[in-house]
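Source file my_file17.pdb; content: PDB, C-alpha atoms.
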```pdb
ATOM      1  CA  MET A   3       0.000   0.000   0.000
ATOM      2  CA  ARG A   4       1.329   3.395  -1.003
ATOM      3  CA  LEU A   5      -0.426   6.760  -0.879
ATOM      4  CA  GLU A   6       0.902  10.178  -1.802
ATOM      5  CA  THR A   7      -0.023  13.730  -0.965
ATOM      6  CA  GLU A   8       1.565  16.952  -2.126
ATOM      7  CA  ARG A   9       4.404  16.635   0.410
ATOM      8  CA  LEU A  10       4.243  13.106   1.782
ATOM      9  CA  ILE A  11       4.539   9.428   0.988
ATOM     10  CA  ILE A  12       2.375   7.224   3.200
ATOM     11  CA  ARG A  13       3.142   3.556   2.740
ATOM     12  CA  ASP A  14       3.324   0.144   4.311
ATOM     13  CA  TYR A  15       6.379  -0.532   6.395
ATOM     14  CA  GLU A  16       9.193  -2.441   4.670
ATOM     15  CA  GLU A  17      12.096  -4.431   6.098
ATOM     16  CA  SER A  18      14.388  -1.459   5.479
ATOM     17  CA  ASP A  19      12.293   0.599   7.962
ATOM     18  CA  ARG A  20      13.220  -1.572  10.959
ATOM     19  CA  ASP A  21      15.620   0.994  12.490
ATOM     20  CA  ASP A  22      13.257   3.900  11.787
ATOM     21  CA  TYR A  23      10.402   2.007  13.452
ATOM     22  CA  PHE A  24      12.428   1.479  16.617
ATOM     23  CA  ARG A  25      13.641   5.071  16.689
ATOM     24  CA  LEU A  26      10.081   6.419  16.315
ATOM     25  CA  LYS A  27       8.346   4.064  18.746
ATOM     26  CA  SER A  28      11.020   4.530  21.427
ATOM     27  CA  ASP A  29      11.289   8.314  21.186
ATOM     28  CA  PRO A  30      10.051   9.704  24.530
ATOM     29  CA  GLU A  31       8.718  13.001  23.138
ATOM     30  CA  THR A  32       6.952  11.404  20.196
ATOM     31  CA  MET A  33       5.362   8.744  22.382
ATOM     32  CA  TYR A  34       4.604  10.946  25.421
ATOM     33  CA  TYR A  35       0.829  10.635  24.957
ATOM     34  CA  LEU A  36       1.036   7.041  23.706
ATOM     35  CA  GLN A  37       2.961   5.370  26.488
ATOM     36  CA  ASP A  38       0.821   2.244  26.174
ATOM     37  CA  ILE A  39       2.219   1.524  22.705
ATOM     38  CA  ASN A  40       5.786   2.775  22.958
ATOM     39  CA  VAL A  41       8.653   0.301  22.939
ATOM     40  CA  SER A  42      11.602   0.393  25.287
ATOM     41  CA  THR A  43      13.955  -2.236  23.858
ATOM     42  CA  ARG A  44      15.205  -3.152  20.418
ATOM     43  CA  ARG A  45      13.989  -6.715  20.931
ATOM     44  CA  GLU A  46      10.460  -5.538  21.748
ATOM     45  CA  SER A  47      10.506  -3.293  18.680
ATOM     46  CA  ASP A  48      11.790  -6.059  16.389
ATOM     47  CA  GLU A  49       9.113  -8.495  17.576
ATOM     48  CA  GLU A  50       6.391  -5.904  17.008
ATOM     49  CA  PHE A  51       7.856  -4.908  13.645
ATOM     50  CA  ASP A  52       7.889  -8.555  12.499
ATOM     51  CA  GLN A  53       4.161  -8.725  13.288
ATOM     52  CA  VAL A  54       3.561  -5.500  11.364
ATOM     53  CA  LEU A  55       5.311  -6.929   8.297
ATOM     54  CA  GLN A  56       3.396 -10.218   8.555
ATOM     55  CA  ASP A  57       0.065  -8.427   8.851
ATOM     56  CA  THR A  58       0.644  -6.495   5.604
ATOM     57  CA  LYS A  59       0.598  -9.833   3.748
ATOM     58  CA  LYS A  60      -2.653 -11.148   5.259
ATOM     59  CA  LYS A  61      -5.874 -11.202   3.296
ATOM     60  CA  ASP A  62      -7.819 -10.329   6.453
ATOM     61  CA  ARG A  63      -5.402  -7.625   7.523
ATOM     62  CA  THR A  64      -6.163  -5.806  10.784
ATOM     63  CA  PHE A  65      -3.211  -3.426  11.218
ATOM     64  CA  TYR A  66      -3.096  -0.457   8.844
ATOM     65  CA  PHE A  67      -0.496   1.819  10.412
ATOM     66  CA  PHE A  68       1.753   3.357   7.802
ATOM     67  CA  HIS A  69       5.211   4.868   7.559
ATOM     68  CA  ILE A  70       5.045   8.592   6.724
ATOM     69  CA  GLU A  71       7.999  10.239   4.990
ATOM     70  CA  LEU A  72       8.734  13.506   3.251
ATOM     71  CA  LYS A  73       8.493  13.208  -0.510
ATOM     72  CA  ASP A  74      11.573  15.265  -1.261
ATOM     73  CA  SER A  75      14.060  13.867   1.282
ATOM     74  CA  HIS A  76      12.404  10.558   2.313
ATOM     75  CA  GLU A  77      13.007  11.531   5.945
ATOM     76  CA  GLN A  78      10.692   9.724   8.347
ATOM     77  CA  VAL A  79       7.974  11.993   9.758
ATOM     78  CA  GLY A  80       6.011   9.476  11.793
ATOM     79  CA  SER A  81       3.172   7.017  11.485
ATOM     80  CA  ALA A  82      -0.588   7.156  10.933
ATOM     81  CA  GLY A  83      -3.280   4.595  10.402
ATOM     82  CA  TYR A  84      -5.819   2.382  12.078
ATOM     83  CA  THR A  85      -6.523  -1.005  13.580
ATOM     84  CA  VAL A  86      -9.615  -2.991  12.605
ATOM     85  CA  GLU A  87     -11.693  -3.583  15.731
ATOM     86  CA  ALA A  88     -14.639  -5.387  14.091
ATOM     87  CA  GLY A  89     -16.199  -6.273  10.783
ATOM     88  CA  THR A  90     -19.895  -5.637  10.188
ATOM     89  CA  PRO A  91     -22.209  -5.928   7.174
ATOM     90  CA  ALA A  92     -21.983  -2.115   6.944
ATOM     91  CA  GLY A  93     -18.172  -2.166   6.888
ATOM     92  CA  LYS A  94     -15.180  -2.188   9.193
ATOM     93  CA  ILE A  95     -15.106  -0.471  12.576
ATOM     94  CA  VAL A  96     -11.600   0.892  13.178
ATOM     95  CA  HIS A  97      -9.623   2.793  15.792
ATOM     96  CA  ALA A  98      -7.212   5.315  14.297
ATOM     97  CA  GLY A  99      -4.197   7.240  15.443
ATOM     98  CA  TYR A 100      -1.054   9.091  14.469
ATOM     99  CA  PHE A 101       2.253  10.132  15.966
ATOM    100  CA  THR A 102       5.157  12.135  14.613
ATOM    101  CA  TYR A 103       8.478  13.486  15.716
ATOM    102  CA  PRO A 104       8.154  16.877  17.492
ATOM    103  CA  LYS A 105      10.290  18.596  14.846
ATOM    104  CA  PHE A 106       7.416  18.032  12.386
ATOM    105  CA  TRP A 107       4.638  19.353  14.632
ATOM    106  CA  ASN A 108       2.703  22.434  13.516
ATOM    107  CA  ASN A 109       3.535  22.002   9.834
ATOM    108  CA  GLY A 110       0.281  20.361   8.740
ATOM    109  CA  TYR A 111       1.961  17.022   7.998
ATOM    110  CA  VAL A 112      -0.207  15.000  10.378
ATOM    111  CA  THR A 113      -3.423  16.516   9.061
ATOM    112  CA  GLU A 114      -2.291  15.919   5.480
ATOM    113  CA  ALA A 115      -1.369  12.299   6.189
ATOM    114  CA  PHE A 116      -4.439  11.513   8.293
ATOM    115  CA  ARG A 117      -6.797  12.947   5.645
ATOM    116  CA  LYS A 118      -5.212  10.654   3.079
ATOM    117  CA  VAL A 119      -5.482   7.650   5.416
ATOM    118  CA  LEU A 120      -9.184   8.422   5.956
ATOM    119  CA  GLU A 121      -9.712   8.671   2.198
ATOM    120  CA  PHE A 122      -8.089   5.264   1.741
ATOM    121  CA  ALA A 123     -10.109   3.779   4.601
ATOM    122  CA  PHE A 124     -13.491   4.952   3.338
ATOM    123  CA  LEU A 125     -12.967   4.610  -0.418
ATOM    124  CA  GLU A 126     -10.723   1.546  -0.694
ATOM    125  CA  ASP A 127     -10.916  -0.478   2.520
ATOM    126  CA  ASN A 128     -14.649  -0.621   3.272
ATOM    127  CA  VAL A 129     -14.332   1.211   6.575
ATOM    128  CA  TYR A 130     -17.662   2.325   7.996
ATOM    129  CA  ARG A 131     -16.674   3.957  11.297
ATOM    130  CA  VAL A 132     -13.431   5.538  12.513
ATOM    131  CA  THR A 133     -12.892   6.344  16.182
ATOM    132  CA  THR A 134      -9.930   8.006  17.815
ATOM    133  CA  GLY A 135      -9.171  10.215  20.750
ATOM    134  CA  CYS A 136      -6.582  12.034  22.821
ATOM    135  CA  LEU A 137      -5.985  13.489  26.224
ATOM    136  CA  ALA A 138      -7.686  16.887  26.497
ATOM    137  CA  GLU A 139      -4.359  18.629  27.112
ATOM    138  CA  ASN A 140      -3.061  17.393  23.741
ATOM    139  CA  ALA A 141      -4.565  20.309  21.803
ATOM    140  CA  GLY A 142      -2.516  19.625  18.666
ATOM    141  CA  SER A 143      -3.896  16.113  18.302
ATOM    142  CA  GLU A 144      -7.448  17.288  18.884
ATOM    143  CA  ARG A 145      -6.973  19.987  16.254
ATOM    144  CA  VAL A 146      -5.914  17.355  13.688
ATOM    145  CA  MET A 147      -9.144  15.451  14.359
ATOM    146  CA  GLN A 148     -11.200  18.612  13.946
ATOM    147  CA  LYS A 149      -9.409  19.645  10.729
ATOM    148  CA  CYS A 150     -10.086  16.184   9.296
ATOM    149  CA  GLY A 151     -13.819  16.486  10.013
ATOM    150  CA  LEU A 152     -14.100  14.126  12.966
ATOM    151  CA  ILE A 153     -16.938  14.745  15.404
ATOM    152  CA  LYS A 154     -16.486  14.889  19.159
ATOM    153  CA  GLU A 155     -18.511  12.180  20.855
ATOM    154  CA  ALA A 156     -17.354  12.206  24.464
ATOM    155  CA  GLU A 157     -15.285  13.885  27.128
ATOM    156  CA  HIS A 158     -14.273  11.440  29.845
ATOM    157  CA  VAL A 159     -13.234  13.475  32.894
ATOM    158  CA  ASP A 160     -10.367  11.975  34.917
ATOM    159  CA  TRP A 161     -10.427   8.927  32.653
ATOM    160  CA  GLU A 162      -6.793   7.926  32.413
ATOM    161  CA  TRP A 163      -3.736   7.865  34.642
ATOM    162  CA  HIS A 164      -0.924   9.643  32.810
ATOM    163  CA  ASP A 165       2.301  11.221  33.967
ATOM    164  CA  GLY A 166       1.453  11.053  37.661
ATOM    165  CA  ARG A 167      -2.175  12.173  37.644
ATOM    166  CA  MET A 168      -5.645  11.509  36.281
ATOM    167  CA  LYS A 169      -6.382  13.198  32.957
ATOM    168  CA  THR A 170      -9.427  13.818  30.797
ATOM    169  CA  ARG A 171      -9.786  11.944  27.498
ATOM    170  CA  LEU A 172     -11.667  13.161  24.415
ATOM    171  CA  GLU A 173     -13.221  10.736  21.906
ATOM    172  CA  TYR A 174     -13.957  11.523  18.252
ATOM    173  CA  ARG A 175     -15.614   9.634  15.402
ATOM    174  CA  LEU A 176     -16.258   9.801  11.678
ATOM    175  CA  LEU A 177     -18.695   7.655   9.710
ATOM    176  CA  ARG A 178     -18.298   6.956   5.998
ATOM    177  CA  ARG A 179     -21.411   8.999   5.148
ATOM    178  CA  GLU A 180     -20.172  11.939   7.252
ATOM    179  CA  TRP A 181     -16.819  11.812   5.483
ATOM    180  CA  GLY A 182     -18.649  11.710   2.132
ATOM    181  CA  GLN A 183     -20.642  14.809   3.053
ATOM    182  CA  ILE A 184     -17.455  16.695   3.901
ATOM    183  CA  TYR A 185     -15.574  15.624   0.777
ATOM    184  CA  HIS A 186     -18.619  15.290  -1.517
ATOM    185  CA  CYS A 187     -17.988  11.681  -2.446
TER     186      CYS A 187
END
```
Take the structure from the file and write it as structure tokens.
Amino acid sequence: MRLETERLIIRDYEESDRDDYFRLKSDPETMYYLQDINVSTRRESDEEFDQVLQDTKKKDRTFYFFHIELKDSHEQVGSAGYTVEAGTPAGKIVHAGYFTYPKFWNNGYVTEAFRKVLEFAFLEDNVYRVTTGCLAENAGSERVMQKCGLIKEAEHVDWEWHDGRMKTRLEYRLLRREWGQIYHC
């Protein structure tokens, strides 16, 4: 799988991305709000990366997180995608997310990549419902969701223990028909 935007290449991970995957998933700033999915050792990263590569070959694939790189330099920006939570007659129910190195924040890269991932999900992968969320203090992540047309569904006060205290979590969604109304598809 390979998608392109004006500035980015969004594609499946390849064996040659093994070091980049570890560097991204173990970076403390990048993974600050995603401590439940960060990796702390090379072995842990390699085991997870092997599963990622295997999943890309499955007919009933469930893991659609993609490597994001700059088109001009091929420098790794981060990752965006979704995990299939369930299949229904209406389509797949997925949970989405994204994370990038801090040096790329506030440049529109995440919004650009996530919009393209949503387009792929709804037009090519039979996704019916996308959910995602963030801690309320993570204003940049919430802004990406809003820019991509997602709709706020919930605010869970003191929902999650993070960095030594309870924090509020926001939940967003987007249905295929809502996406189609935004992008006139």
Review point. What do you get, as a ChimeraX atom specification, if you spell out every residue that the PyMOL selection byres ((chain A and resi 171) around 8) selects here?
Key: /A:135-138,157-162,169-170,172-173
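CA of Ile11 in chain A to CA of Lys73 in chain A spans 5.7 Å [interatomic distance, one decimal].
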Review point. Which of these, A:Lys105, A:Arg167, A:Arg117, A:Arg175, has the shortest distance to Thr133 in chain A once you count all atoms listed in the file?
Key: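 The answer is A:Arg175, which sits nearest to Thr133 in chain A.
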Exercise for review: Enter the distance from CA of His69 in chain A to CA of Lys154 in chain A, in Å, rounded to one decimal.
Suggested key: 26.6 Å
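Excluding range 76-93 of chain A itself and same-chain residues fewer than 2 positions from it, the residues having an atom within 6 Å of it are A:Thr64, A:Phe65, A:Tyr66, A:Phe67, A:Phe68, A:His69, A:Ile70, A:Glu71, A:Leu72, A:Lys73, A:Asp74, A:Ile95, A:Val96, A:His97, A:Ala98, A:Gly99, A:Tyr100, A:Phe101, A:Thr102, A:Asn128, A:Val129, A:Tyr130, counting only C-alpha atoms.
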Exercise for review: List every protein, DNA or RNA residue with an atom no more than 12 Å from (9.8, 1.0, 25.8) in the file's coordinates, counting only C-alpha atoms, and format the result as a list in words.
Suggested key: Phe24, Arg25, Leu26, Lys27, Ser28, Asp29, Pro30, Met33, Tyr34, Leu36, Gln37, Asp38, Ile39, Asn40, Val41, Ser42, Thr43, Arg44, Arg45, Glu46, Ser47, Asp48 and Glu50 of chain A
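Across the structure, CA of Phe124 in chain A and CA of Arg178 in chain A are spaced 5.8 Å apart.
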Revision key, fill the gap. Counting all atoms listed in the file, closest pick from A:Gln148, A:Asn109, A:Thr7, A:Ser75 relative to Thr134 in chain A is A:Gln148
Exercise for review: With the file shown as input, list the residues that the PyMOL selection byres ((chain A and resi 150) around 12) selects, as a PyMOL selection string.
Suggested key: chain A and resi 110+112-121+132+134+143-149+151-154+174-176+180-181+184-185
Practice item. Name the residues that the PyMOL selection byres ((chain A and resi 55) around 12) pulls out of this structure, and write them as an MDAnalysis selection string. Key: chainID A and resid 14:20 23 48:54 56:60 63:69
Study note, to complete from the structure: Shortest contact to Gly182 in chain A, candidates A:Trp107, A:Arg13, A:Ala123, A:Leu5, atoms counted only C-alpha atoms, goes to A:Ala123
Check your understanding: Of the candidates A:Glu31, A:Phe122, A:Asn140, A:Leu10, which shows the shortest atom-to-atom distance to Tyr103 in chain A, using only C-alpha atoms?
Key ->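 Checking each candidate against Tyr103 in chain A, we get A:Glu31 as the closest.
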Using all atoms of range 7-21 of chain A that appear in the file, construct an axis-aligned enclosing box with 5 Å of padding on every side and provide its centre coordinates and edge lengths in Å, rounded to one decimal, as JSON.
```
{"center_x": 7.8, "center_y": 6.3, "center_z": 5.2, "size_x": 25.6, "size_y": 31.4, "size_z": 24.6}
```
Study note, to complete from the structure: Of A:Glu155, A:Leu177, A:Glu139, A:Asp21, the one nearest to Tyr35 in chain A when counting all atoms listed in the file is A:Glu139
**Study point:** Nearest to Pro104 in chain A by atom-to-atom distance, counting only C-alpha atoms, from A:Gly142, A:Asp22, A:Asp62, A:Met168
**Key:**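 Looking only at the distances to Pro104 in chain A, the closest residue turns out to be A:Gly142.
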